[in-house]
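Below is one structure, written out as structure tokens; comments come after it.
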Amino acid sequence: MPCLSTGTTAITALLSENVNIPVLVACGIVNERLAKAARIVGAQGVFVGTRFILSKECRAADATKKDIMDTHPDDFIVFTQSNGYSKWRTTPHKYGKEGLEANKNGDMNPPSGSFYYGMLKGDLDAGVNTVSNLSGLIKSIDSCEKIVRELGAPFTE
Ligand SMILES: Cc1cc2nc3c(=O)[nH]c(=O)nc-3n(C[C@H](O)[C@H](O)[C@H](O)COP(=O)(O)O)c2cc1C
């Protein structure tokens, strides 16, 4: 079935005008400015993933955290894998580079390696980075408390 994608801002604005329950925004809320934008278009809260990987408490390896912070939005590509869509960083590590080559050759289902070793243990040639493509906007590794205070601030004003 054809699928028309709708961006986070548009879907939040549409939902918040049409439902009578709180709307929480997920995907791409990595700093206070983006949380504030979600609030302005009608969200009552945010649901956050990547920013918490880049927290002091997260047990992902430092190498993984640094690699995630070093990304640029253009580094990512979406593959249509057997279990659905998957978004990876294409460079500069083994499966990222191979995935980019595979894509040029029309292969949309290349191997991604082990997320456990790549994303948790910091063996960056063992598995791809597949978190937010806005992760380059995260400039520091903070405590979870600081992150909650920052991203929650627009909702307590
Ligand atoms: C722990 C974790 C695992 C993820 N795994 C995948 C994945 O397997 N495939 C994928 O396409 N995206 C994956 N993502 C990316 C999410 O689908 C989403 O695009 C991204 O996390 C944006 O939301 P955020 O800014 O709150 O993290 C993952 C994100 C996190 C935090």
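Identifiers for the structure tokens are assigned positionally: chains receive A, B, ... in sequence, residues are indexed from 1 per chain, and ligands are indexed from 1 in the order shown.
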
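Every residue of chain A found in strand (DSSP E) when DSSP is run on the backbone appears here: Leu24, Val25, Ala26, Gly45, Val46, Phe47, Phe76, Ile77, Val78, Phe79, Thr80, Gln81, Gly84, Tyr85, Ser86, Lys87, Trp88 and Arg89 of chain A.
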
(message) Distance limit 6 Å, reference ligand 1, atoms considered: only C-alpha atoms and all ligand atoms. Which residues make the cut? Give them as a list of chain:residue names.
(response)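 Counting only what the definition allows, namely only C-alpha atoms and all ligand atoms, the set is A:Ala26, A:Cys27, A:Gly28, A:Ile29, A:Val30, A:Val48, A:Gly49, A:Thr50, A:Tyr85, A:Ser86, A:Lys87, A:Thr130, A:Val131, A:Ser132.
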
(message) Let me make sure I understand: among A:Arg89, A:Arg39, A:His72, A:Arg59, which one has the smallest atom-to-atom distance to Ser135 in chain A if we use only C-alpha atoms?
(response)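 Using only C-alpha atoms, the shortest distance to Ser135 in chain A belongs to A:His72.
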
(request) Pick out the closest residue to Asp62 in chain A from this set: A:Ala38, A:Val46, A:Gly122, A:Val128. Count only C-alpha atoms. (result) A:Gly122

(request) Excluding range 94-98 of chain A and residues on its chain fewer than 4 positions from it, collect all residues at most 9 Å away from it, counting only C-alpha atoms, and give them as a list of chain:residue names. (result)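 My reading of the contact set: A:Phe76, A:Trp88, A:Arg89, A:Thr90, A:Ala102, A:Asn103, A:Pro110, A:Pro111, A:Ser112, A:Gly113, A:Leu124, A:Asp125, A:Ala126, A:Gly127, A:Val128, A:Asn129.
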
Report as a CSV table (one decimal) with N, CA and C atoms, in the first residue's frame: the residues of chain A with a DSSP assignment of alpha helix (DSSP H), based on the backbone of this structure.
chain,number,residue,atom,x,y,z
A,8,THR,N,7.3,14.9,11.9
A,8,THR,CA,6.9,14.9,13.3
A,8,THR,C,6.1,16.2,13.7
A,9,THR,N,6.5,17.3,13.2
A,9,THR,CA,5.8,18.6,13.5
A,9,THR,C,4.4,18.5,13.0
A,10,ALA,N,4.2,18.1,11.7
A,10,ALA,CA,2.9,18.0,11.1
A,10,ALA,C,2.0,17.1,11.9
A,11,ILE,N,2.5,15.9,12.2
A,11,ILE,CA,1.6,14.9,12.8
A,11,ILE,C,1.2,15.3,14.2
A,12,THR,N,2.2,16.0,14.9
A,12,THR,CA,1.8,16.5,16.3
A,12,THR,C,0.8,17.5,16.2
A,13,ALA,N,0.9,18.4,15.3
A,13,ALA,CA,-0.1,19.5,15.2
A,13,ALA,C,-1.5,18.9,14.8
A,14,LEU,N,-1.5,18.0,13.9
A,14,LEU,CA,-2.8,17.3,13.5
A,14,LEU,C,-3.4,16.6,14.6
A,15,LEU,N,-2.6,15.8,15.3
A,15,LEU,CA,-3.1,15.0,16.4
A,15,LEU,C,-3.6,15.8,17.6
A,16,SER,N,-2.8,16.8,17.9
A,16,SER,CA,-3.2,17.6,19.1
A,16,SER,C,-4.5,18.4,18.9
A,17,GLU,N,-4.8,18.6,17.6
A,17,GLU,CA,-6.1,19.4,17.4
A,17,GLU,C,-7.3,18.4,17.3
A,18,ASN,N,-7.0,17.1,17.2
A,18,ASN,CA,-8.1,16.1,16.9
A,18,ASN,C,-8.3,15.0,17.9
A,32,GLU,N,16.7,21.1,23.9
A,32,GLU,CA,15.6,21.9,24.5
A,32,GLU,C,14.8,22.6,23.3
A,33,ARG,N,15.5,23.0,22.3
A,33,ARG,CA,14.9,23.8,21.2
A,33,ARG,C,13.8,22.9,20.5
A,34,LEU,N,14.2,21.6,20.3
A,34,LEU,CA,13.3,20.7,19.7
A,34,LEU,C,12.1,20.3,20.6
A,35,ALA,N,12.4,20.2,21.9
A,35,ALA,CA,11.3,19.9,22.9
A,35,ALA,C,10.3,21.1,22.9
A,36,LYS,N,10.9,22.3,22.8
A,36,LYS,CA,10.0,23.5,22.8
A,36,LYS,C,9.2,23.6,21.5
A,37,ALA,N,9.8,23.2,20.4
A,37,ALA,CA,9.0,23.1,19.1
A,37,ALA,C,7.9,22.2,19.2
A,38,ALA,N,8.1,21.0,19.9
A,38,ALA,CA,7.0,20.0,20.1
A,38,ALA,C,5.9,20.6,20.9
A,39,ARG,N,6.3,21.3,21.9
A,39,ARG,CA,5.3,22.0,22.8
A,39,ARG,C,4.5,23.0,22.1
A,40,ILE,N,5.2,23.8,21.2
A,40,ILE,CA,4.5,24.8,20.5
A,40,ILE,C,3.4,24.2,19.5
A,50,THR,N,17.7,8.6,21.8
A,50,THR,CA,19.1,8.8,21.6
A,50,THR,C,19.8,9.7,22.6
A,51,ARG,N,19.1,10.7,23.0
A,51,ARG,CA,19.7,11.6,24.0
A,51,ARG,C,20.1,10.9,25.3
A,52,PHE,N,19.3,9.9,25.6
A,52,PHE,CA,19.7,9.1,26.9
A,52,PHE,C,20.8,8.1,26.6
A,53,ILE,N,21.0,7.7,25.4
A,53,ILE,CA,22.2,6.9,25.1
A,53,ILE,C,23.5,7.7,25.4
A,62,ASP,N,32.2,4.3,25.6
A,62,ASP,CA,32.6,5.6,25.2
A,62,ASP,C,32.8,5.8,23.7
A,63,ALA,N,33.4,4.7,23.1
A,63,ALA,CA,33.6,4.8,21.6
A,63,ALA,C,32.3,4.9,20.9
A,64,THR,N,31.3,4.2,21.3
A,64,THR,CA,30.0,4.2,20.7
A,64,THR,C,29.4,5.6,20.9
A,65,LYS,N,29.5,6.2,22.1
A,65,LYS,CA,28.9,7.5,22.3
A,65,LYS,C,29.6,8.5,21.5
A,66,LYS,N,30.9,8.5,21.4
A,66,LYS,CA,31.6,9.5,20.6
A,66,LYS,C,31.2,9.3,19.1
A,67,ASP,N,31.1,8.1,18.6
A,67,ASP,CA,30.7,7.8,17.2
A,67,ASP,C,29.3,8.4,16.9
A,68,ILE,N,28.4,8.2,17.9
A,68,ILE,CA,27.1,8.8,17.7
A,68,ILE,C,27.1,10.3,17.6
A,69,MET,N,27.9,10.9,18.5
A,69,MET,CA,27.9,12.4,18.5
A,69,MET,C,28.6,12.9,17.2
A,94,LYS,N,32.9,-0.6,8.9
A,94,LYS,CA,32.7,-1.7,8.0
A,94,LYS,C,31.3,-1.8,7.4
A,95,TYR,N,30.3,-2.1,8.3
A,95,TYR,CA,29.0,-2.3,7.7
A,95,TYR,C,28.3,-1.1,7.2
A,96,GLY,N,28.7,0.1,7.7
A,96,GLY,CA,28.2,1.3,7.1
A,96,GLY,C,28.7,1.5,5.7
A,97,LYS,N,30.0,1.3,5.5
A,97,LYS,CA,30.6,1.5,4.2
A,97,LYS,C,30.0,0.4,3.2
A,98,GLU,N,29.9,-0.8,3.7
A,98,GLU,CA,29.4,-1.9,2.8
A,98,GLU,C,27.9,-1.6,2.5
A,99,GLY,N,27.2,-1.1,3.4
A,99,GLY,CA,25.8,-0.8,3.2
A,99,GLY,C,25.6,0.3,2.1
A,100,LEU,N,26.5,1.3,2.1
A,100,LEU,CA,26.4,2.4,1.1
A,100,LEU,C,26.7,1.8,-0.3
A,101,GLU,N,27.8,0.9,-0.3
A,101,GLU,CA,28.1,0.3,-1.6
A,101,GLU,C,26.9,-0.6,-2.1
A,102,ALA,N,26.3,-1.3,-1.2
A,102,ALA,CA,25.2,-2.2,-1.5
A,102,ALA,C,24.1,-1.4,-2.1
A,103,ASN,N,23.8,-0.2,-1.4
A,103,ASN,CA,22.7,0.7,-1.9
A,103,ASN,C,23.0,1.1,-3.3
A,104,LYS,N,24.2,1.5,-3.6
A,104,LYS,CA,24.6,2.0,-5.0
A,104,LYS,C,24.3,0.9,-6.0
A,115,PHE,N,24.4,-5.3,16.7
A,115,PHE,CA,24.1,-4.1,17.4
A,115,PHE,C,24.7,-4.2,18.8
A,144,CYS,N,21.3,12.0,33.4
A,144,CYS,CA,19.9,11.8,33.1
A,144,CYS,C,19.1,12.9,33.7
A,145,GLU,N,19.5,13.3,35.0
A,145,GLU,CA,18.7,14.4,35.6
A,145,GLU,C,18.8,15.7,34.8
A,146,LYS,N,20.0,16.0,34.3
A,146,LYS,CA,20.1,17.2,33.6
A,146,LYS,C,19.3,17.2,32.3
A,147,ILE,N,19.3,16.0,31.6
A,147,ILE,CA,18.6,15.8,30.4
A,147,ILE,C,17.1,16.0,30.6
A,148,VAL,N,16.6,15.3,31.7
A,148,VAL,CA,15.1,15.4,32.0
A,148,VAL,C,14.8,16.9,32.3
A,149,ARG,N,15.6,17.6,33.0
A,149,ARG,CA,15.3,19.0,33.3
A,149,ARG,C,15.3,19.8,32.1
A,150,GLU,N,16.3,19.6,31.2
A,150,GLU,CA,16.3,20.4,30.0
A,150,GLU,C,15.1,20.1,29.0
A,151,LEU,N,14.9,18.8,28.8
A,151,LEU,CA,13.8,18.5,27.8
A,151,LEU,C,12.4,18.7,28.4
A,152,GLY,N,12.4,18.7,29.7
A,152,GLY,CA,11.1,18.9,30.4
A,152,GLY,C,10.7,20.3,30.6

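Residue nearest Gln44 in chain A, chosen from A:Asn83, A:Thr6, A:Asn20, A:Asn31 and counting only C-alpha atoms: A:Asn20.
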
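Relative to CA of Gly45 in chain A, CA of Glu157 in chain A is found at 12.3 Å.
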
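For the residues A:Met108, A:Ile141, A:Leu134, A:Ala60, ranking by smallest atom-to-atom distance to Leu120 in chain A using only C-alpha atoms places A:Ala60 first.
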
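As for CA of Thr80 in chain A and CA of Asn109 in chain A, they are spaced 6.2 Å apart.
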
(request) Please indicate the distance in Å from CA of Cys58 in chain A to CA of Phe79 in chain A, rounded to one decimal place. (result)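 Interatomic distance, CA of Cys58 in chain A to CA of Phe79 in chain A: 27.1 Å.
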